[in-house]
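A.B. asks: Handing over work.txt, compact mmCIF, C-alpha atoms.
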# COMPACT_ATOMS: atom_id res chain seq x y z
CA MET A 1 0.00 0.00 0.00
CA SER A 2 1.46 3.33 -0.94
CA SER A 3 0.44 6.76 0.19
CA ASP A 4 -1.63 9.01 -2.02
CA HIS A 5 1.05 11.62 -1.67
CA GLN A 6 3.68 10.75 -4.22
CA HIS A 7 6.36 13.10 -5.35
CA PRO A 8 9.55 11.94 -7.02
CA ILE A 9 12.28 11.15 -4.49
CA PRO A 10 15.27 13.35 -5.40
CA SER A 11 18.34 11.43 -6.52
CA VAL A 12 21.52 11.15 -4.45
CA GLY A 13 23.17 13.20 -7.20
CA THR A 14 20.82 16.12 -6.58
CA TYR A 15 21.67 16.16 -2.89
CA VAL A 16 25.41 15.86 -3.55
CA ALA A 17 25.18 18.75 -6.05
CA VAL A 18 23.53 20.92 -3.37
CA TRP A 19 26.26 19.89 -0.91
CA VAL A 20 28.94 20.92 -3.43
CA ALA A 21 27.19 24.28 -3.89
CA LEU A 22 27.01 24.81 -0.12
CA VAL A 23 30.73 24.04 0.29
CA PHE A 24 31.51 26.41 -2.60
CA PHE A 25 29.45 29.24 -1.07
CA THR A 26 31.12 28.68 2.32
CA LEU A 27 34.57 29.09 0.76
CA LEU A 28 33.28 32.07 -1.26
CA THR A 29 31.97 33.86 1.82
CA VAL A 30 35.30 33.36 3.65
CA PHE A 31 37.15 34.72 0.60
CA ALA A 32 34.78 37.69 0.27
CA ALA A 33 35.21 38.53 3.96
CA SER A 34 39.00 38.61 3.59
CA LYS A 35 38.65 41.59 1.20
CA ASP A 36 37.59 45.04 2.33
CA PHE A 37 34.50 46.13 0.40
CA GLY A 38 33.70 48.89 2.89
CA SER A 39 30.04 48.91 3.85
CA LEU A 40 29.28 46.19 1.28
CA ASN A 41 30.94 43.34 3.22
CA THR A 42 27.86 42.55 5.29
CA PRO A 43 25.36 42.72 2.39
CA ILE A 44 27.60 40.36 0.39
CA ALA A 45 27.89 37.95 3.34
CA LEU A 46 24.11 38.04 3.91
CA ALA A 47 23.37 37.49 0.20
CA ILE A 48 25.55 34.37 0.25
CA ALA A 49 23.97 33.18 3.52
CA VAL A 50 20.44 33.67 2.14
CA THR A 51 21.41 31.73 -0.98
CA LYS A 52 22.77 28.86 1.14
CA GLY A 53 19.75 28.93 3.42
CA SER A 54 17.39 28.86 0.44
CA LEU A 55 19.15 25.82 -1.01
CA VAL A 56 18.78 23.99 2.31
CA VAL A 57 15.11 24.97 2.70
CA LEU A 58 14.05 24.19 -0.86
CA ILE A 59 16.00 20.99 -1.50
CA PHE A 60 17.28 19.45 1.75
CA MET A 61 14.08 20.30 3.62
CA GLY A 62 12.07 19.59 0.47
CA VAL A 63 9.75 22.57 0.77
CA ARG A 64 9.42 22.73 -3.03
CA HIS A 65 7.42 19.47 -2.85
CA ASN A 66 5.28 20.42 0.16
CA THR A 67 1.67 21.61 0.13
CA PRO A 68 0.91 25.32 -0.40
CA LEU A 69 -0.05 25.61 3.27
CA THR A 70 3.37 24.35 4.44
CA LYS A 71 5.06 26.70 1.96
CA LEU A 72 3.03 29.59 3.37
CA VAL A 73 4.09 28.72 6.93
CA ALA A 74 7.74 28.44 5.89
CA VAL A 75 7.62 31.85 4.18
CA SER A 76 5.80 33.34 7.17
CA GLY A 77 8.88 32.66 9.33
CA PHE A 78 10.85 34.98 7.07
CA VAL A 79 8.04 37.56 6.97
CA TRP A 80 7.67 37.67 10.76
CA ILE A 81 11.38 38.10 11.38
CA MET A 82 11.44 40.96 8.85
CA ILE A 83 8.57 42.59 10.79
CA LEU A 84 10.65 42.19 13.97
CA PHE A 85 13.75 43.76 12.37
CA GLY A 86 11.77 46.42 10.50
CA ILE A 87 9.78 47.72 13.43
CA GLY A 88 12.73 47.23 15.80
CA MET A 89 15.05 49.34 13.68
CA SER A 90 12.37 51.93 12.91
CA ASP A 91 12.77 52.71 16.61
CA TYR A 92 16.53 52.41 17.17
CA ALA A 93 17.63 53.82 13.82
CA THR A 94 15.49 56.94 14.08
CA ARG A 95 16.00 57.94 17.73
CA SER A 96 18.85 60.31 16.91
CA TRP A 97 16.76 62.18 14.32
CA ILE A 98 14.74 64.08 16.89
CA GLY A 99 17.04 63.89 19.91
CA VAL A 100 15.03 61.48 22.00
CA ALA A 101 16.67 60.69 25.34
CA GLY A 102 18.31 57.26 25.50
CA ARG A 103 20.20 57.46 22.26
CA MET B 1 -7.91 18.78 0.25
CA ALA B 2 -9.65 20.84 2.91
CA ASN B 3 -13.21 19.92 2.06
CA PRO B 4 -15.33 20.62 5.15
CA SER B 5 -18.08 18.24 4.05
CA VAL B 6 -15.92 15.14 4.38
CA HIS B 7 -14.65 15.43 7.97
CA GLY B 8 -14.40 12.07 9.64
CA HIS B 9 -15.17 8.67 8.21
CA GLY B 10 -18.79 8.43 7.19
CA PRO B 11 -20.58 5.11 6.68
CA ASP B 12 -19.22 5.06 3.15
CA GLY B 13 -15.65 5.54 4.30
CA PRO B 14 -13.35 8.29 3.11
CA PRO B 15 -13.67 9.54 -0.46
CA ALA B 16 -11.63 7.47 -2.86
CA SER B 17 -9.46 10.43 -3.76
CA LEU B 18 -8.29 10.77 -0.16
CA GLY B 19 -6.80 7.35 0.29
CA PRO B 20 -7.28 3.63 0.47
CA ALA B 21 -10.18 2.14 2.39
CA THR B 22 -7.96 -0.08 4.53
CA HIS B 23 -5.59 1.46 7.01
CA HIS B 24 -1.84 1.20 7.16
CA PRO B 25 -0.95 0.07 10.71
CA ARG B 26 0.92 3.35 11.30
CA GLN B 27 -2.01 5.48 10.16
CA GLN B 28 -3.76 7.21 13.04
CA HIS B 29 -7.54 7.09 12.89
CA HIS B 30 -8.06 10.83 12.52
CA PHE B 31 -6.20 10.99 9.21
CA TYR B 32 -7.73 10.10 5.85
CA SER B 33 -4.51 8.75 4.45
CA MET B 34 -0.82 8.24 5.07
CA GLY B 35 -0.10 11.18 2.77
CA GLN B 36 -2.31 13.50 4.77
CA GLN B 37 -0.70 12.26 7.97
CA LEU B 38 2.76 13.00 6.59
CA GLU B 39 1.75 16.48 5.42
CA ALA B 40 0.23 17.20 8.84
CA SER B 41 3.49 16.15 10.53
CA ILE B 42 5.53 18.34 8.21
CA LEU B 43 3.19 21.31 8.65
CA GLY B 44 3.29 20.96 12.44
CA MET B 45 7.09 20.82 12.40
CA TRP B 46 7.25 23.95 10.27
CA VAL B 47 5.00 25.84 12.69
CA PHE B 48 7.46 24.87 15.44
CA LEU B 49 10.41 25.94 13.29
CA VAL B 50 8.80 29.36 12.74
CA THR B 51 8.65 29.81 16.52
CA GLU B 52 12.34 28.84 16.56
CA VAL B 53 13.05 31.48 13.92
CA MET B 54 11.44 34.06 16.19
CA PHE B 55 13.34 32.70 19.22
CA PHE B 56 16.69 33.22 17.49
CA GLY B 57 15.26 36.39 15.89
CA GLY B 58 15.21 38.18 19.24
CA MET B 59 18.94 37.60 19.66
CA PHE B 60 19.63 38.62 16.07
CA MET B 61 17.63 41.81 16.74
CA ALA B 62 19.88 42.54 19.74
CA TYR B 63 22.89 41.88 17.51
CA ILE B 64 21.65 44.40 14.91
CA VAL B 65 20.94 47.08 17.51
CA TYR B 66 24.27 46.80 19.33
CA ARG B 67 26.31 46.35 16.20
CA ASN B 68 24.87 49.64 14.94
CA MET B 69 25.74 51.29 18.26
CA TYR B 70 29.30 49.88 18.50
CA PRO B 71 30.41 49.04 14.93
CA ILE B 72 34.16 49.29 15.63
CA ALA B 73 33.97 47.23 18.84
CA PHE B 74 32.06 44.50 17.00
CA GLU B 75 34.64 44.33 14.21
CA ALA B 76 37.54 44.36 16.66
CA SER B 77 35.91 41.63 18.78
CA SER B 78 35.01 39.52 15.77
CA HIS B 79 38.66 39.73 14.75
CA GLU B 80 39.48 37.78 17.94
CA LEU B 81 37.48 34.75 16.76
CA ASN B 82 39.11 31.80 15.03
CA VAL B 83 37.87 31.91 11.43
CA THR B 84 39.48 28.56 10.58
CA MET B 85 37.56 26.79 13.34
CA GLY B 86 34.33 28.58 12.42
CA ALA B 87 34.71 27.69 8.74
CA ALA B 88 35.58 24.09 9.64
CA ASN B 89 32.44 23.88 11.75
CA THR B 90 30.37 25.32 8.89
CA LEU B 91 31.67 22.59 6.59
CA VAL B 92 31.06 19.92 9.26
CA LEU B 93 27.43 21.04 9.58
CA ILE B 94 26.92 21.14 5.81
CA CYS B 95 28.26 17.58 5.59
CA SER B 96 25.92 16.54 8.41
CA SER B 97 22.97 18.04 6.52
CA LEU B 98 23.94 15.92 3.51
CA THR B 99 24.10 12.72 5.58
CA MET B 100 20.80 13.71 7.24
CA VAL B 101 18.99 14.13 3.94
CA LEU B 102 20.49 10.85 2.71
CA ALA B 103 19.18 9.13 5.86
CA VAL B 104 15.67 10.41 5.11
CA ARG B 105 16.05 9.35 1.48
CA SER B 106 17.17 5.88 2.61
CA ALA B 107 13.93 5.61 4.59
CA GLN B 108 11.93 6.72 1.53
CA VAL B 109 13.52 4.06 -0.67
CA GLY B 110 13.41 1.41 2.06
CA SER B 111 17.12 1.01 2.76
CA ARG B 112 17.55 0.19 6.44
CA MET B 113 21.35 0.02 6.21
CA GLY B 114 21.38 3.42 4.46
CA GLN B 115 19.41 4.94 7.33
CA ILE B 116 21.70 3.41 9.96
CA VAL B 117 24.96 4.44 8.24
CA ASN B 118 23.80 7.98 7.48
CA LEU B 119 22.32 8.54 10.93
CA ILE B 120 25.57 7.40 12.57
CA LEU B 121 27.52 9.76 10.29
CA THR B 122 25.12 12.60 11.17
CA ILE B 123 25.59 11.94 14.89
CA LEU B 124 29.39 11.78 14.49
CA LEU B 125 29.50 15.02 12.49
CA GLY B 126 27.24 16.75 15.03
CA SER B 127 29.55 15.58 17.80
CA THR B 128 32.58 16.83 15.84
CA PHE B 129 30.94 20.24 15.70
CA LEU B 130 30.55 20.27 19.49
CA VAL B 131 34.15 19.15 20.06
CA ILE B 132 35.46 21.98 17.87
CA LYS B 133 33.13 24.37 19.71
CA TYR B 134 34.56 23.16 23.03
CA PHE B 135 38.11 24.03 21.96
CA GLU B 136 36.93 27.44 20.75
CA TYR B 137 35.19 28.21 24.03
CA ALA B 138 38.25 27.07 26.01
CA ALA B 139 40.43 29.44 24.00
CA LYS B 140 38.02 32.32 24.71
CA PHE B 141 38.39 31.70 28.45
CA GLU B 142 42.19 31.55 28.15
CA HIS B 143 42.31 34.81 26.19
CA HIS B 144 40.08 36.67 28.69
CA LEU B 145 37.34 37.16 26.12
CA VAL B 146 34.48 36.02 28.38
CA PRO B 147 32.39 39.02 29.53
CA GLY B 148 32.84 39.79 33.21
CA PRO B 149 35.49 41.12 35.62
CA ASN B 150 38.33 39.29 33.84
CA PHE B 151 37.50 40.61 30.36
CA THR B 152 40.52 41.91 28.50
CA PRO B 153 40.72 45.72 28.77
CA GLU B 154 42.38 46.10 25.37
CA LEU B 155 39.21 45.93 23.29
CA PRO B 156 37.04 49.02 22.71
CA MET B 157 33.87 49.72 24.68
CA GLY B 158 30.99 47.55 23.52
CA SER B 159 33.17 44.46 23.04
CA GLN B 160 31.66 42.74 26.07
CA LEU B 161 28.26 43.13 24.40
CA TYR B 162 29.63 41.43 21.30
CA PHE B 163 31.00 38.52 23.34
CA SER B 164 27.78 38.27 25.36
CA LEU B 165 25.89 37.88 22.09
CA TYR B 166 28.55 35.49 20.77
CA PHE B 167 28.17 33.17 23.77
CA CYS B 168 24.36 33.49 23.80
CA LEU B 169 23.90 32.78 20.10
CA THR B 170 26.50 30.03 19.75
CA GLY B 171 25.58 28.57 23.15
CA ILE B 172 21.87 28.29 22.34
CA HIS B 173 22.81 26.94 18.92
CA ALA B 174 25.08 24.34 20.54
CA LEU B 175 22.21 23.38 22.87
CA HIS B 176 20.09 22.78 19.75
CA MET B 177 22.88 20.58 18.42
CA VAL B 178 22.93 18.53 21.64
CA ILE B 179 19.14 18.09 21.46
CA GLY B 180 19.45 17.23 17.75
CA ILE B 181 22.03 14.52 18.49
CA GLY B 182 19.67 13.12 21.15
CA ILE B 183 16.83 13.03 18.60
CA MET B 184 19.09 11.33 16.05
CA LEU B 185 20.02 8.66 18.61
CA VAL B 186 16.29 7.88 18.97
CA MET B 187 15.94 7.81 15.16
CA LEU B 188 18.94 5.47 14.97
CA TYR B 189 17.30 3.13 17.48
CA TRP B 190 14.08 3.12 15.45
CA ALA B 191 15.98 2.67 12.19
CA ILE B 192 17.79 -0.36 13.64
CA LYS B 193 14.40 -1.69 14.76
CA GLY B 194 13.17 -1.30 11.18
CA ARG B 195 10.37 1.11 12.10
CA PHE B 196 10.68 3.27 8.98
CA THR B 197 9.37 2.13 5.60
CA PRO B 198 8.71 3.93 2.30
CA ASP B 199 5.09 4.28 3.51
CA TYR B 200 5.92 5.60 6.96
CA TYR B 201 8.98 7.69 7.73
CA ASN B 202 7.40 10.75 9.39
CA PRO B 203 9.62 10.88 12.52
CA ILE B 204 12.89 10.77 10.59
CA GLU B 205 11.53 13.28 8.07
CA ILE B 206 10.58 15.93 10.65
CA SER B 207 13.73 15.27 12.71
CA GLY B 208 15.60 16.02 9.52
CA LEU B 209 13.73 19.34 9.19
CA TYR B 210 14.92 20.25 12.69
CA TRP B 211 18.52 19.29 11.90
CA HIS B 212 18.53 21.38 8.70
CA PHE B 213 17.04 24.33 10.58
CA VAL B 214 19.90 24.23 13.10
CA ASP B 215 22.30 24.13 10.13
CA ILE B 216 20.64 27.24 8.63
CA VAL B 217 21.01 29.15 11.93
CA TRP B 218 24.76 28.43 11.80
CA ILE B 219 24.92 29.49 8.13
CA PHE B 220 23.85 32.96 9.33
CA LEU B 221 25.88 32.96 12.56
CA PHE B 222 29.15 32.16 10.81
CA PRO B 223 29.45 35.32 8.65
CA LEU B 224 27.81 37.62 11.21
CA LEU B 225 30.03 36.53 14.13
CA TYR B 226 33.24 35.15 12.65
CA LEU B 227 33.72 36.94 9.33
CA LEU B 228 32.68 40.42 10.46
CA GLY B 229 36.21 41.35 11.49
CA TYR B 230 38.19 39.06 9.19
CA HIS B 231 39.72 41.96 7.24
CA PHE B 232 39.91 44.21 10.32
CA ASN B 233 43.22 46.07 10.50
CA GLY B 234 43.02 47.62 13.95
CA VAL B 235 41.20 50.59 15.41
What would the structure in this file look like if it were written as structure tokens?
C.D. replies:
Amino acid sequence: MSSDHQHPIPSVGTYVAVWVALVFFTLLTVFAASKDFGSLNTPIALAIAVTKGSLVVLIFMGVRHNTPLTKLVAVSGFVWIMILFGIGMSDYATRSWIGVAGR
Amino acid sequence: MANPSVHGHGPDGPPASLGPATHHPRQQHHFYSMGQQLEASILGMWVFLVTEVMFFGGMFMAYIVYRNMYPIAFEASSHELNVTMGAANTLVLICSSLTMVLAVRSAQVGSRMGQIVNLILTILLGSTFLVIKYFEYAAKFEHHLVPGPNFTPELPMGSQLYFSLYFCLTGIHALHMVIGIGIMLVMLYWAIKGRFTPDYYNPIEISGLYWHFVDIVWIFLFPLLYLLGYHFNGV
């Protein structure tokens, strides 16, 4: 008896290819950090980290084969943390503009 | 899938499109089918992982705030970290994610030996991560980089905040690794017992989701903590 939920099981080769990409991006981010790009170092590091994270979420965690509801929940994690950072920094980053005590 | 008119098993049984009339022994009675049961497990795990994202998110928020307040101190402190060890640990975790996903795949294709070998490798790689972390922490104590009365006075103001966040973030992450290894030991026991089949592998699947999540947290911690001051040339 098999389940009604059948998606193709990814091949070992697919997973190894993702692993190779993750190793490559790890070495790339170390190399990029050894150079001084001024204020761009952190955006470059974060772009590489997001790329690596996306590969893990989509392929290792298999979200691309999940139901739309699971995909929505997975994306909501990202959305909620952006709300946290966005509203958090809208406070801290703007305190100096009008001379509020505390910063 | 979410058809409100077909809740529960009526006298005619579940609709044909929702699964077979006879139950798999691992199918709980409140699910229509093994597929629905698997999707429910995965969805539930993802809801938990989103709460984990928010849990770590609070600490990342603190990191953003204090890094913006003390940018030089954060770069100078980050320069004190051992990039080689951090990078090695990143690679160890990436390898463990590969063995984890191969363990889940082994369950999906019905290879018991594949599950056992890959779970053991995952546990060993996770333990390697913790051993490397131990040596890093020990070096931080030796170099007076632990916040408190014995903190080195040579670093700029704000450095203790950086190291507080470093120990909080990596410490909580390491705790997740310890819990993950414990979960994998249970999965290994079940794999040896032959509990997982191509029809039923939910526990190893959602344990894998947890393991990959912990890997993703480290993927972000590594550049933000270790690489921040890699090219730092002094104040």
A.B. asks: Hey, can you check how far CA of Ser11 (chain A) sits from CA of Ala49 (chain A)?
C.D. replies: 24.6 Å
A.B. asks: Leaving out Val73 (chain A) and any residue of its chain fewer than 3 positions from it, which residues lie within 9 Å of it when counting only C-alpha atoms, given as a compact mmCIF listing (two decimals) with C-alpha atoms, in the frame of the given file?
C.D. replies:
# COMPACT_ATOMS: atom_id res chain seq x y z
CA PRO A 68 0.91 25.32 -0.40
CA LEU A 69 -0.05 25.61 3.27
CA THR A 70 3.37 24.35 4.44
CA SER A 76 5.80 33.34 7.17
CA GLY A 77 8.88 32.66 9.33
CA LEU B 43 3.19 21.31 8.65
CA TRP B 46 7.25 23.95 10.27
CA VAL B 47 5.00 25.84 12.69
CA VAL B 50 8.80 29.36 12.74
A.B. asks: From the set B:Tyr201, B:Phe232, B:Trp218, B:Trp211, which residue has the shortest atom-to-atom contact distance to Ser106 (chain B), counting all atoms listed in the file?
C.D. replies: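 That would be B:Tyr201, the residue with the smallest distance to Ser106 (chain B).
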A.B. asks: Using only C-alpha atoms, which residues sit within 12 Å of Leu46 (chain A) once same-chain residues fewer than 5 positions away are excluded, as a PyMOL selection string?
C.D. replies: (chain A and resi 25-26+29+32-33+40-41+51-54) or (chain B and resi 219-225+227-228)
A.B. asks: Residues of chain B near chain A: apply a cut-off of 7 Å, count all atoms listed in the file, and supply the list as a list in words.
C.D. replies: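 Result, ordered by chain then number: Gly19, Ser33, Met34, Gly35, Leu43, Trp46, Val47, Val50, Val53, Met54, Gly57, Met61, Val65, Leu91, Ile94, Leu98, Val101, Asp199, Leu209, His212, Ile216, Ile219, Phe220, Pro223, Leu227, Tyr230 and His231 of chain B.
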A.B. asks: Please measure the separation of CA of Val217 (chain B) and CA of Ile132 (chain B), giving the value in Å to one decimal.
C.D. replies: 17.2 Å
A.B. asks: By how many Å are CA of Glu80 (chain B) and CA of Ser96 (chain B) apart?
C.D. replies: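 Separation between CA of Glu80 (chain B) and CA of Ser96 (chain B): 26.9 Å.
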A.B. asks: Tell me which of A:Val79, A:Ser39, A:Arg64, A:Ile98 sits closest to His7 (chain A), counting all atoms listed in the file.
C.D. replies: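 Closest to His7 (chain A) of all the choices is A:Arg64.
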A.B. asks: Only N, CA and C atoms, please: region 22-47 of chain B from the block, as a short mmCIF file (atom, residue, chain, number, x, y, z; two decimals), in the first residue's frame.
C.D. replies:
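The resulting file, selection22.cif, is reproduced below:
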data_model
loop_
_atom_site.label_atom_id
_atom_site.label_comp_id
_atom_site.auth_asym_id
_atom_site.auth_seq_id
_atom_site.Cartn_x
_atom_site.Cartn_y
_atom_site.Cartn_z
N THR B 22 -8.57 0.61 3.40
CA THR B 22 -7.96 -0.08 4.53
C THR B 22 -6.81 0.74 5.07
N HIS B 23 -6.59 0.60 6.37
CA HIS B 23 -5.59 1.46 7.01
C HIS B 23 -4.24 0.79 7.09
N HIS B 24 -3.21 1.58 6.84
CA HIS B 24 -1.84 1.20 7.16
C HIS B 24 -1.74 1.14 8.69
N PRO B 25 -1.01 0.16 9.25
CA PRO B 25 -0.95 0.07 10.71
C PRO B 25 -0.43 1.34 11.39
N ARG B 26 0.39 2.12 10.70
CA ARG B 26 0.92 3.35 11.30
C ARG B 26 -0.01 4.54 11.11
N GLN B 27 -1.12 4.35 10.40
CA GLN B 27 -2.01 5.48 10.16
C GLN B 27 -2.92 5.69 11.35
N GLN B 28 -2.88 6.91 11.91
CA GLN B 28 -3.76 7.21 13.04
C GLN B 28 -5.16 7.47 12.53
N HIS B 29 -6.16 7.15 13.38
CA HIS B 29 -7.54 7.09 12.89
C HIS B 29 -8.09 8.43 12.43
N HIS B 30 -7.50 9.53 12.90
CA HIS B 30 -8.06 10.83 12.52
C HIS B 30 -7.49 11.36 11.21
N PHE B 31 -6.69 10.56 10.52
CA PHE B 31 -6.20 10.99 9.21
C PHE B 31 -6.87 10.15 8.11
N TYR B 32 -7.12 10.81 6.98
CA TYR B 32 -7.73 10.10 5.85
C TYR B 32 -6.75 9.12 5.23
N SER B 33 -5.48 9.55 5.19
CA SER B 33 -4.51 8.75 4.45
C SER B 33 -3.13 8.96 5.03
N MET B 34 -2.21 8.10 4.64
CA MET B 34 -0.82 8.24 5.07
C MET B 34 -0.22 9.55 4.56
N GLY B 35 -0.62 9.94 3.33
CA GLY B 35 -0.10 11.18 2.77
C GLY B 35 -0.54 12.38 3.59
N GLN B 36 -1.81 12.38 3.97
CA GLN B 36 -2.31 13.50 4.77
C GLN B 36 -1.61 13.53 6.12
N GLN B 37 -1.38 12.33 6.68
CA GLN B 37 -0.70 12.26 7.97
C GLN B 37 0.70 12.83 7.88
N LEU B 38 1.40 12.49 6.79
CA LEU B 38 2.76 13.00 6.59
C LEU B 38 2.75 14.52 6.44
N GLU B 39 1.81 15.03 5.62
CA GLU B 39 1.75 16.48 5.42
C GLU B 39 1.43 17.19 6.73
N ALA B 40 0.56 16.59 7.55
CA ALA B 40 0.23 17.20 8.84
C ALA B 40 1.46 17.26 9.74
N SER B 41 2.26 16.16 9.73
CA SER B 41 3.49 16.15 10.53
C SER B 41 4.44 17.25 10.08
N ILE B 42 4.59 17.35 8.75
CA ILE B 42 5.53 18.34 8.21
C ILE B 42 5.05 19.75 8.53
N LEU B 43 3.74 19.98 8.36
CA LEU B 43 3.19 21.31 8.65
C LEU B 43 3.41 21.66 10.13
N GLY B 44 3.12 20.71 11.02
CA GLY B 44 3.29 20.96 12.44
C GLY B 44 4.73 21.29 12.77
N MET B 45 5.67 20.56 12.15
CA MET B 45 7.09 20.82 12.40
C MET B 45 7.47 22.21 11.92
N TRP B 46 6.92 22.61 10.79
CA TRP B 46 7.25 23.95 10.27
C TRP B 46 6.71 25.04 11.17
N VAL B 47 5.53 24.84 11.75
CA VAL B 47 5.00 25.84 12.69
C VAL B 47 5.97 25.97 13.87
#
